[in-house]
There are 2 protein chains.
Amino acid sequence: MKESIKVFAPATVANVVCGFDVLGFAVNEPGDEVIMRLTDKPGITISKITGDNGRLPLDPKKNTVSVSVEHYLKHIGRNDVGFDIELNKKMPIGSGLGSSSASTVAGLFAAKTLLEDRTNASQLLPFARKGEEMACGHGHADNVAPALLGGFVLIRSYDPLDVIKLPHPKGLYCAIVFPDVDVPTREARQIIRNKIQMKDAVTQWGNIAGLVSGLFMNDIDLIGRSMKDILVEPVRSMLIPDFYKMREMAMEMGAVSFGISGSGPSVFSFTRDEETAKKITQKLQAHLTSIKINSNTYVSTINDAGPRVID
Amino acid sequence: MKESIKVFAPATVANVVCGFDVLGFAVNEPGDEVIMRLTDKPGITISKITGDNGRLPLDPKKNTVSVSVEHYLKHIGRNDVGFDIELNKKMPIGSGLGSSSASTVAGLFAAKTLLEDRTNASQLLPFARKGEEMACGHGHADNVAPALLGGFVLIRSYDPLDVIKLPHPKGLYCAIVFPDVDVPTREARQIIRNKIQMKDAVTQWGNIAGLVSGLFMNDIDLIGRSMKDILVEPVRSMLIPDFYKMREMAMEMGAVSFGISGSGPSVFSFTRDEETAKKITQKLQAHLTSIKINSNTYVSTINDAGPRVID
């Protein structure tokens, strides 16, 4: 049995523009790393966190990674062992890219791998949701599910939990830009309207059905024309600097789609090739710099595998 | 060039429980028949309508079939010819089974076949919608599109019109029961709420995405558990005698799903075999008879071809 392991888990884009609260996908970059050491003393400790600018708690009762791992350990009845966790944040916090999910999933995958436990990715989902519950007040699955399973994931239902992995066209690239402004998840949820027009809901679910069809049919045009959000984006985009200007720029450069990742402020485009994705991130970053906003950019293919052992 | 032709077009189930206004599919039974004669005198006449108990107008300006065909003729610029139409209603009117769509699609398909015109099924859709506009006040496509194209059809968007044909599992049977009570389409639409809760819309679009995934994945279980409607069915079911009792009976007999066809009052179940479909229709019909309501029943596979020449 190994004593120590290093695991990577991917960032995720929830909602995928038209699939508010039910769709998400994983990317190969960015992501988080967790180094986990198995101890024979029960209990979980966090010895080190890097890359968080001191924003994340070392207290294992308050950290999403340790809380999720503790729920998992309890569930499988292993009160004879413990873990020490080192968390390396390799992606921004509060970016709308599933930062807490990436850490949590890396932690859970490290723990189950160290214990040589056969619990599979889907079965880890309830424990990962415990982390989300603490991070944003609700056990959403649209980041943790794709982070765990990889690829595109549909959360058909929460009660009972019903998660379906969807296919996607090969060669789809994702260009991500994180404008470094503060959009807390809780607040981003609160500005969404509780009541909506039936006719708008019909438009939205026509698009969701179109996006899902496009993923199965390898039809990138259909994916692109389905990725419209008339319900959430009009509100959340107000918290993102020059959102519509950035969309215009991305679409002009040949993006398949453009929208908000999760609750923002990160935005993302699908493209048909790496070249276009790179051009888009460069241009949007230059624009954000010109309006005095720092940003991080990422270009990546879709992550199909979920978390992986890297050392 | 043939002078006369007989065409069958299928009944259709719109909404498919969770896909209000965006999904529909065609069945092999029931359906309507149109006999059309090409004349060298411009203009359209309706010489005979059978099976409608005198409910449909012989006036070509008021009949959905002739109105659609007239729009089509005008569009292709054939003002040198005319048609005489004989319409044989082989299915109940006002049943929620796309009765007017079946007639209209049969008429359009007969006309284009007689003229040896290459206009394809998708291109006929705008003319068929003209008929729907007259029949129910709005040019819905969730009956005419599956009647024309066959199979399952998604109407992703109305403006611009974007129609996608979806696959379906082989061996899926449809059991249909039409309780002979009056539920006019216009009124059935009016009782639907204009404003809905965002959280209910999220539940609904998770189910639509699940149903579409199930169709692509040949996953009948997923299709069944996705076919729930928390927005429209609770209201429309009030117009259908013993709706929930019939659901209970169908599900107990092994139905994959149970719901309202279009705006009702017809109800339908998917089943995995013909035997179960037959049992369900017999049992539901016996129940309706016991509460003094006449009914028609149909057991059918999914119609994949749309309209067809039968003579």
# chains A, B, ... in the order shown; residues from 1 in each chain; ligands from 1

$ interface_residues --of "chain A" --to "chain B" --cutoff "9 Å" --atoms "only C-alpha atoms" --output "NGL selection string"
:A and (19-23 or 154-158 or 164 or 166 or 192-199 or 201-213 or 216-217 or 226)

$ write_last_selection --atoms "N, CA and C atoms" --output "short mmCIF file (atom, residue, chain, number, x, y, z; two decimals), in the first residue's frame"
data_model
loop_
_atom_site.label_atom_id
_atom_site.label_comp_id
_atom_site.auth_asym_id
_atom_site.auth_seq_id
_atom_site.Cartn_x
_atom_site.Cartn_y
_atom_site.Cartn_z
N GLY A 19 -27.71 25.35 -19.71
CA GLY A 19 -28.12 24.25 -18.80
C GLY A 19 -27.98 24.60 -17.34
N PHE A 20 -28.52 25.73 -16.94
CA PHE A 20 -28.43 26.20 -15.56
C PHE A 20 -28.74 25.10 -14.55
N ASP A 21 -27.76 24.83 -13.70
CA ASP A 21 -27.88 23.86 -12.59
C ASP A 21 -27.96 22.39 -13.01
N VAL A 22 -27.94 22.08 -14.31
CA VAL A 22 -28.03 20.67 -14.71
C VAL A 22 -26.88 20.17 -15.59
N LEU A 23 -26.08 21.09 -16.17
CA LEU A 23 -25.00 20.65 -17.05
C LEU A 23 -23.64 21.18 -16.58
N LEU A 154 -24.66 15.48 -17.23
CA LEU A 154 -26.01 15.99 -16.98
C LEU A 154 -26.46 15.54 -15.60
N ILE A 155 -26.90 16.49 -14.77
CA ILE A 155 -27.54 16.12 -13.52
C ILE A 155 -29.04 16.19 -13.78
N ARG A 156 -29.61 15.04 -14.16
CA ARG A 156 -31.02 15.02 -14.52
C ARG A 156 -31.90 15.36 -13.34
N SER A 157 -31.51 14.83 -12.18
CA SER A 157 -32.34 15.02 -11.00
C SER A 157 -31.45 15.01 -9.76
N TYR A 158 -31.86 15.79 -8.75
CA TYR A 158 -31.12 15.82 -7.49
C TYR A 158 -31.73 14.87 -6.48
N ILE A 164 -25.80 11.63 -15.56
CA ILE A 164 -25.58 10.94 -16.83
C ILE A 164 -24.40 11.56 -17.56
N LEU A 166 -22.38 12.45 -20.77
CA LEU A 166 -22.72 12.68 -22.18
C LEU A 166 -21.45 12.65 -23.03
N ILE A 192 -30.52 36.03 -9.26
CA ILE A 192 -31.35 35.35 -10.27
C ILE A 192 -32.82 35.41 -9.86
N ARG A 193 -33.66 35.67 -10.83
CA ARG A 193 -35.10 35.76 -10.55
C ARG A 193 -35.67 34.41 -10.10
N ASN A 194 -36.59 34.44 -9.16
CA ASN A 194 -37.27 33.21 -8.73
C ASN A 194 -38.39 32.83 -9.68
N LYS A 195 -39.05 33.86 -10.21
CA LYS A 195 -40.18 33.59 -11.13
C LYS A 195 -39.78 33.96 -12.54
N ILE A 196 -40.14 33.10 -13.48
CA ILE A 196 -39.80 33.38 -14.87
C ILE A 196 -41.02 33.13 -15.75
N GLN A 197 -40.97 33.62 -16.97
CA GLN A 197 -42.06 33.41 -17.93
C GLN A 197 -41.99 31.98 -18.48
N MET A 198 -43.15 31.33 -18.57
CA MET A 198 -43.20 30.00 -19.19
C MET A 198 -42.59 30.02 -20.58
N LYS A 199 -42.89 31.05 -21.37
CA LYS A 199 -42.39 31.08 -22.76
C LYS A 199 -40.86 31.16 -22.81
N ALA A 201 -38.93 29.86 -20.45
CA ALA A 201 -38.49 28.52 -20.04
C ALA A 201 -38.52 27.57 -21.24
N VAL A 202 -39.57 27.69 -22.07
CA VAL A 202 -39.68 26.84 -23.27
C VAL A 202 -38.50 27.10 -24.21
N THR A 203 -38.16 28.37 -24.41
CA THR A 203 -37.00 28.71 -25.24
C THR A 203 -35.74 28.06 -24.68
N GLN A 204 -35.58 28.17 -23.36
CA GLN A 204 -34.38 27.64 -22.72
C GLN A 204 -34.30 26.12 -22.86
N TRP A 205 -35.45 25.42 -22.62
CA TRP A 205 -35.33 23.95 -22.68
C TRP A 205 -35.26 23.43 -24.11
N GLY A 206 -35.74 24.21 -25.08
CA GLY A 206 -35.46 23.86 -26.48
C GLY A 206 -33.96 23.89 -26.74
N ASN A 207 -33.29 24.90 -26.17
CA ASN A 207 -31.84 25.03 -26.35
C ASN A 207 -31.07 23.93 -25.61
N ILE A 208 -31.51 23.59 -24.41
CA ILE A 208 -30.84 22.52 -23.67
C ILE A 208 -30.95 21.21 -24.45
N ALA A 209 -32.16 20.92 -24.92
CA ALA A 209 -32.36 19.71 -25.72
C ALA A 209 -31.50 19.75 -26.98
N GLY A 210 -31.34 20.95 -27.57
CA GLY A 210 -30.50 21.12 -28.75
C GLY A 210 -29.03 20.88 -28.44
N LEU A 211 -28.58 21.41 -27.31
CA LEU A 211 -27.17 21.22 -26.90
C LEU A 211 -26.88 19.74 -26.66
N VAL A 212 -27.77 19.07 -25.93
CA VAL A 212 -27.57 17.64 -25.65
C VAL A 212 -27.57 16.85 -26.96
N SER A 213 -28.48 17.17 -27.87
CA SER A 213 -28.52 16.51 -29.17
C SER A 213 -27.22 16.75 -29.93
N PHE A 216 -24.43 14.53 -28.68
CA PHE A 216 -24.55 13.15 -29.16
C PHE A 216 -24.30 13.04 -30.66
N MET A 217 -24.67 14.07 -31.41
CA MET A 217 -24.58 14.00 -32.87
C MET A 217 -23.23 14.51 -33.42
N SER A 226 -27.30 26.32 -30.03
CA SER A 226 -28.12 26.00 -28.85
C SER A 226 -27.62 26.71 -27.60
#

$ residues_around --residues "Leu58 (chain B)" --least-positions-apart "4" --cutoff "12 Å" --atoms "only C-alpha atoms" --output "ChimeraX atom specification"
/B:44-50,52,54,62-67,84-87

$ write_last_selection --atoms "N, CA, C and O atoms" --output "PDB file, in the first residue's frame"
ATOM      1  N   ILE B  44     -58.415  25.183 -55.488  1.00  0.00           N
ATOM      2  CA  ILE B  44     -58.527  23.965 -54.704  1.00  0.00           C
ATOM      3  C   ILE B  44     -59.969  23.770 -54.254  1.00  0.00           C
ATOM      4  O   ILE B  44     -60.616  24.694 -53.757  1.00  0.00           O
ATOM      5  N   THR B  45     -60.456  22.548 -54.457  1.00  0.00           N
ATOM      6  CA  THR B  45     -61.810  22.210 -53.981  1.00  0.00           C
ATOM      7  C   THR B  45     -61.728  21.025 -53.028  1.00  0.00           C
ATOM      8  O   THR B  45     -60.795  20.237 -53.084  1.00  0.00           O
ATOM      9  N   ILE B  46     -62.724  20.942 -52.136  1.00  0.00           N
ATOM     10  CA  ILE B  46     -62.838  19.766 -51.266  1.00  0.00           C
ATOM     11  C   ILE B  46     -64.166  19.100 -51.606  1.00  0.00           C
ATOM     12  O   ILE B  46     -65.229  19.667 -51.370  1.00  0.00           O
ATOM     13  N   SER B  47     -64.074  17.916 -52.219  1.00  0.00           N
ATOM     14  CA  SER B  47     -65.311  17.301 -52.692  1.00  0.00           C
ATOM     15  C   SER B  47     -65.986  16.455 -51.626  1.00  0.00           C
ATOM     16  O   SER B  47     -67.196  16.239 -51.672  1.00  0.00           O
ATOM     17  N   LYS B  48     -65.205  15.983 -50.645  1.00  0.00           N
ATOM     18  CA  LYS B  48     -65.775  15.021 -49.708  1.00  0.00           C
ATOM     19  C   LYS B  48     -64.933  14.943 -48.444  1.00  0.00           C
ATOM     20  O   LYS B  48     -63.706  14.941 -48.497  1.00  0.00           O
ATOM     21  N   ILE B  49     -65.591  14.878 -47.307  1.00  0.00           N
ATOM     22  CA  ILE B  49     -64.896  14.582 -46.051  1.00  0.00           C
ATOM     23  C   ILE B  49     -65.682  13.479 -45.355  1.00  0.00           C
ATOM     24  O   ILE B  49     -66.890  13.598 -45.162  1.00  0.00           O
ATOM     25  N   THR B  50     -64.993  12.386 -45.003  1.00  0.00           N
ATOM     26  CA  THR B  50     -65.669  11.305 -44.274  1.00  0.00           C
ATOM     27  C   THR B  50     -65.055  11.160 -42.879  1.00  0.00           C
ATOM     28  O   THR B  50     -63.920  11.574 -42.641  1.00  0.00           O
ATOM     29  N   ASP B  52     -65.785  12.587 -40.041  1.00  0.00           N
ATOM     30  CA  ASP B  52     -65.668  13.769 -39.173  1.00  0.00           C
ATOM     31  C   ASP B  52     -66.999  14.153 -38.527  1.00  0.00           C
ATOM     32  O   ASP B  52     -67.081  15.169 -37.827  1.00  0.00           O
ATOM     33  N   GLY B  54     -69.397  15.549 -39.784  1.00  0.00           N
ATOM     34  CA  GLY B  54     -69.791  16.878 -40.252  1.00  0.00           C
ATOM     35  C   GLY B  54     -69.112  18.041 -39.548  1.00  0.00           C
ATOM     36  O   GLY B  54     -69.527  19.194 -39.682  1.00  0.00           O
ATOM     37  N   LYS B  62     -61.415  27.584 -45.376  1.00  0.00           N
ATOM     38  CA  LYS B  62     -61.527  27.373 -43.930  1.00  0.00           C
ATOM     39  C   LYS B  62     -60.960  26.030 -43.475  1.00  0.00           C
ATOM     40  O   LYS B  62     -60.911  25.749 -42.282  1.00  0.00           O
ATOM     41  N   ASN B  63     -60.576  25.196 -44.426  1.00  0.00           N
ATOM     42  CA  ASN B  63     -60.061  23.874 -44.077  1.00  0.00           C
ATOM     43  C   ASN B  63     -58.525  23.903 -44.022  1.00  0.00           C
ATOM     44  O   ASN B  63     -57.870  24.430 -44.922  1.00  0.00           O
ATOM     45  N   THR B  64     -57.975  23.317 -42.967  1.00  0.00           N
ATOM     46  CA  THR B  64     -56.513  23.383 -42.776  1.00  0.00           C
ATOM     47  C   THR B  64     -55.746  22.733 -43.938  1.00  0.00           C
ATOM     48  O   THR B  64     -54.672  23.197 -44.305  1.00  0.00           O
ATOM     49  N   VAL B  65     -56.294  21.666 -44.491  1.00  0.00           N
ATOM     50  CA  VAL B  65     -55.599  20.963 -45.567  1.00  0.00           C
ATOM     51  C   VAL B  65     -55.471  21.856 -46.799  1.00  0.00           C
ATOM     52  O   VAL B  65     -54.371  22.079 -47.325  1.00  0.00           O
ATOM     53  N   SER B  66     -56.610  22.385 -47.243  1.00  0.00           N
ATOM     54  CA  SER B  66     -56.600  23.193 -48.463  1.00  0.00           C
ATOM     55  C   SER B  66     -55.817  24.490 -48.260  1.00  0.00           C
ATOM     56  O   SER B  66     -55.096  24.939 -49.165  1.00  0.00           O
ATOM     57  N   VAL B  67     -55.917  25.076 -47.082  1.00  0.00           N
ATOM     58  CA  VAL B  67     -55.191  26.321 -46.808  1.00  0.00           C
ATOM     59  C   VAL B  67     -53.687  26.079 -46.896  1.00  0.00           C
ATOM     60  O   VAL B  67     -52.944  26.860 -47.508  1.00  0.00           O
ATOM     61  N   ASP B  84     -58.347  18.648 -56.339  1.00  0.00           N
ATOM     62  CA  ASP B  84     -59.564  18.326 -55.601  1.00  0.00           C
ATOM     63  C   ASP B  84     -59.195  17.350 -54.486  1.00  0.00           C
ATOM     64  O   ASP B  84     -58.462  16.380 -54.706  1.00  0.00           O
ATOM     65  N   ILE B  85     -59.690  17.643 -53.288  1.00  0.00           N
ATOM     66  CA  ILE B  85     -59.294  16.900 -52.095  1.00  0.00           C
ATOM     67  C   ILE B  85     -60.454  16.085 -51.544  1.00  0.00           C
ATOM     68  O   ILE B  85     -61.575  16.584 -51.405  1.00  0.00           O
ATOM     69  N   GLU B  86     -60.154  14.813 -51.228  1.00  0.00           N
ATOM     70  CA  GLU B  86     -61.100  14.015 -50.452  1.00  0.00           C
ATOM     71  C   GLU B  86     -60.380  13.626 -49.161  1.00  0.00           C
ATOM     72  O   GLU B  86     -59.288  13.051 -49.194  1.00  0.00           O
ATOM     73  N   LEU B  87     -60.963  13.982 -48.030  1.00  0.00           N
ATOM     74  CA  LEU B  87     -60.298  13.753 -46.735  1.00  0.00           C
ATOM     75  C   LEU B  87     -61.038  12.661 -45.961  1.00  0.00           C
ATOM     76  O   LEU B  87     -62.234  12.786 -45.705  1.00  0.00           O
TER      77      LEU B  87
END

$ residues_around --residues "Val235 (chain A)" --least-positions-apart "5" --cutoff "12 Å" --atoms "only C-alpha atoms" --output "list in words"
Glu187, Ala188, Arg189, Gln190, Ile191, Ile192, Arg193, Asp229, Ile230, Ile240, Phe243, Ile260, Ser263 and Gly264 of chain A

$ residues_around --residues "region 25-29 of chain A" --least-positions-apart "3" --cutoff "7 Å" --atoms "only C-alpha atoms" --output "CSV table (one decimal) with C-alpha atoms, in the first residue's frame"
chain,number,residue,atom,x,y,z
A,10,PRO,CA,-9.8,19.4,-13.2
A,11,ALA,CA,-11.6,22.7,-13.2
A,12,THR,CA,-15.1,22.6,-14.5
A,13,VAL,CA,-17.5,24.8,-16.4
A,14,ALA,CA,-21.0,24.6,-14.9
A,146,PRO,CA,-17.9,16.6,-14.1
A,147,ALA,CA,-14.8,17.0,-12.0
A,150,GLY,CA,-14.8,13.9,-16.6
A,151,GLY,CA,-16.4,15.0,-19.8
A,152,PHE,CA,-19.8,16.5,-20.1
A,153,VAL,CA,-22.3,15.6,-17.3
A,298,TYR,CA,-6.5,28.9,-20.2
A,300,SER,CA,-7.7,23.3,-23.0
A,301,THR,CA,-9.4,20.3,-24.5
A,302,ILE,CA,-12.2,18.6,-22.7
A,303,ASN,CA,-11.0,16.5,-19.8

$ select_by_dssp --residues "region 86-247 of chain A" --states "strand (DSSP E or B)" --output "list in words"
Glu86, Leu87, Asn88, Phe152, Val153, Leu154, Ile155, Arg156, Ser157, Tyr158, Leu161, Asp162, Val163, Ile164, Lys165, Leu166, Tyr173, Cys174, Ala175, Ile176, Val177, Phe178, Pro179, Lys195, Ile196 and Gln197 of chain A

$ residues_around --residues "Lys283 (chain B)" --least-positions-apart "6" --cutoff "9 Å" --atoms "only C-alpha atoms" --output "MDAnalysis selection string"
chainID B and resid 246 249:250

$ residues_around --residues "Gly254 (chain B)" --least-positions-apart "6" --cutoff "10 Å" --atoms "only C-alpha atoms" --output "list in words"
Ser269, Phe270, Thr271, Arg272, Asp273, Thr276, Ala277, Lys279 and Ile280 of chain B

$ select_by_dssp --residues "region 62-201 of chain A" --states "alpha helix (DSSP H)" --output "PyMOL selection string"
chain A and resi 64-76+99-114+121-136+144-149+185-190+198-201

$ atom_distance --atom1 "CA of Glu33 (chain B)" --atom2 "CA of Phe109 (chain B)"
11.0 Å

$ decode --residues "region 2-76 of chain A" --atoms "C-alpha atoms" --output "JSON list (two decimals), in the first residue's frame"
[["chain", "number", "residue", "atom", "x", "y", "z"],
["A", 2, "LYS", "CA", 1.30, 3.44, -0.95],
["A", 3, "GLU", "CA", 1.77, 5.93, 1.88],
["A", 4, "SER", "CA", 1.57, 9.13, -0.12],
["A", 5, "ILE", "CA", 0.02, 10.21, -3.40],
["A", 6, "LYS", "CA", -0.33, 13.32, -5.56],
["A", 7, "VAL", "CA", -3.59, 13.79, -7.46],
["A", 8, "PHE", "CA", -4.78, 16.32, -10.02],
["A", 9, "ALA", "CA", -8.48, 17.16, -10.43],
["A", 10, "PRO", "CA", -9.85, 19.38, -13.17],
["A", 11, "ALA", "CA", -11.55, 22.74, -13.21],
["A", 12, "THR", "CA", -15.13, 22.61, -14.49],
["A", 13, "VAL", "CA", -17.54, 24.83, -16.36],
["A", 14, "ALA", "CA", -21.03, 24.55, -14.87],
["A", 15, "ASN", "CA", -24.30, 25.50, -16.63],
["A", 16, "VAL", "CA", -22.68, 25.42, -20.12],
["A", 17, "VAL", "CA", -24.70, 28.55, -20.95],
["A", 18, "CYS", "CA", -28.19, 27.08, -21.39],
["A", 19, "GLY", "CA", -28.12, 24.25, -18.80],
["A", 20, "PHE", "CA", -28.43, 26.20, -15.56],
["A", 21, "ASP", "CA", -27.88, 23.86, -12.59],
["A", 22, "VAL", "CA", -28.03, 20.67, -14.71],
["A", 23, "LEU", "CA", -25.00, 20.65, -17.05],
["A", 24, "GLY", "CA", -21.23, 20.89, -16.60],
["A", 25, "PHE", "CA", -17.99, 19.77, -18.20],
["A", 26, "ALA", "CA", -14.37, 19.33, -17.15],
["A", 27, "VAL", "CA", -11.24, 20.82, -18.76],
["A", 28, "ASN", "CA", -7.62, 19.71, -18.70],
["A", 29, "GLU", "CA", -6.39, 23.07, -17.52],
["A", 30, "PRO", "CA", -6.55, 24.59, -14.93],
["A", 31, "GLY", "CA", -7.05, 22.24, -11.97],
["A", 32, "ASP", "CA", -5.88, 21.62, -8.42],
["A", 33, "GLU", "CA", -3.36, 19.27, -6.84],
["A", 34, "VAL", "CA", -3.63, 17.45, -3.56],
["A", 35, "ILE", "CA", -0.77, 15.53, -1.89],
["A", 36, "MET", "CA", -2.21, 13.10, 0.61],
["A", 37, "ARG", "CA", -0.40, 11.02, 3.20],
["A", 38, "LEU", "CA", -1.97, 8.01, 4.85],
["A", 39, "THR", "CA", -1.43, 7.94, 8.64],
["A", 40, "ASP", "CA", -2.25, 5.23, 11.15],
["A", 41, "LYS", "CA", -3.60, 7.83, 13.54],
["A", 42, "PRO", "CA", -7.33, 8.46, 12.98],
["A", 43, "GLY", "CA", -8.31, 12.01, 12.04],
["A", 44, "ILE", "CA", -7.55, 14.42, 9.23],
["A", 45, "THR", "CA", -5.02, 17.23, 9.28],
["A", 46, "ILE", "CA", -4.13, 19.88, 6.71],
["A", 47, "SER", "CA", -0.43, 20.62, 6.93],
["A", 48, "LYS", "CA", -0.07, 23.07, 4.07],
["A", 49, "ILE", "CA", -2.01, 25.06, 1.50],
["A", 50, "THR", "CA", -0.20, 26.88, -1.30],
["A", 51, "GLY", "CA", -1.47, 29.23, -4.01],
["A", 52, "ASP", "CA", -4.48, 30.52, -2.07],
["A", 53, "ASN", "CA", -2.99, 33.76, -0.72],
["A", 54, "GLY", "CA", -4.03, 32.64, 2.73],
["A", 55, "ARG", "CA", -7.75, 32.57, 1.84],
["A", 56, "LEU", "CA", -8.48, 28.91, 2.64],
["A", 57, "PRO", "CA", -8.78, 27.53, 6.20],
["A", 58, "LEU", "CA", -6.24, 25.01, 7.54],
["A", 59, "ASP", "CA", -8.83, 23.93, 10.10],
["A", 60, "PRO", "CA", -10.01, 20.50, 8.87],
["A", 61, "LYS", "CA", -13.53, 21.20, 10.15],
["A", 62, "LYS", "CA", -13.80, 24.21, 7.83],
["A", 63, "ASN", "CA", -11.99, 23.08, 4.69],
["A", 64, "THR", "CA", -14.08, 21.51, 1.90],
["A", 65, "VAL", "CA", -11.44, 18.88, 1.11],
["A", 66, "SER", "CA", -11.09, 17.50, 4.63],
["A", 67, "VAL", "CA", -14.82, 17.71, 5.33],
["A", 68, "SER", "CA", -15.61, 15.64, 2.20],
["A", 69, "VAL", "CA", -12.88, 13.11, 2.95],
["A", 70, "GLU", "CA", -14.12, 12.78, 6.53],
["A", 71, "HIS", "CA", -17.69, 12.01, 5.32],
["A", 72, "TYR", "CA", -16.26, 9.43, 2.94],
["A", 73, "LEU", "CA", -14.08, 7.77, 5.62],
["A", 74, "LYS", "CA", -17.04, 7.57, 7.96],
["A", 75, "HIS", "CA", -19.20, 6.04, 5.22],
["A", 76, "ILE", "CA", -16.75, 3.24, 4.44]]
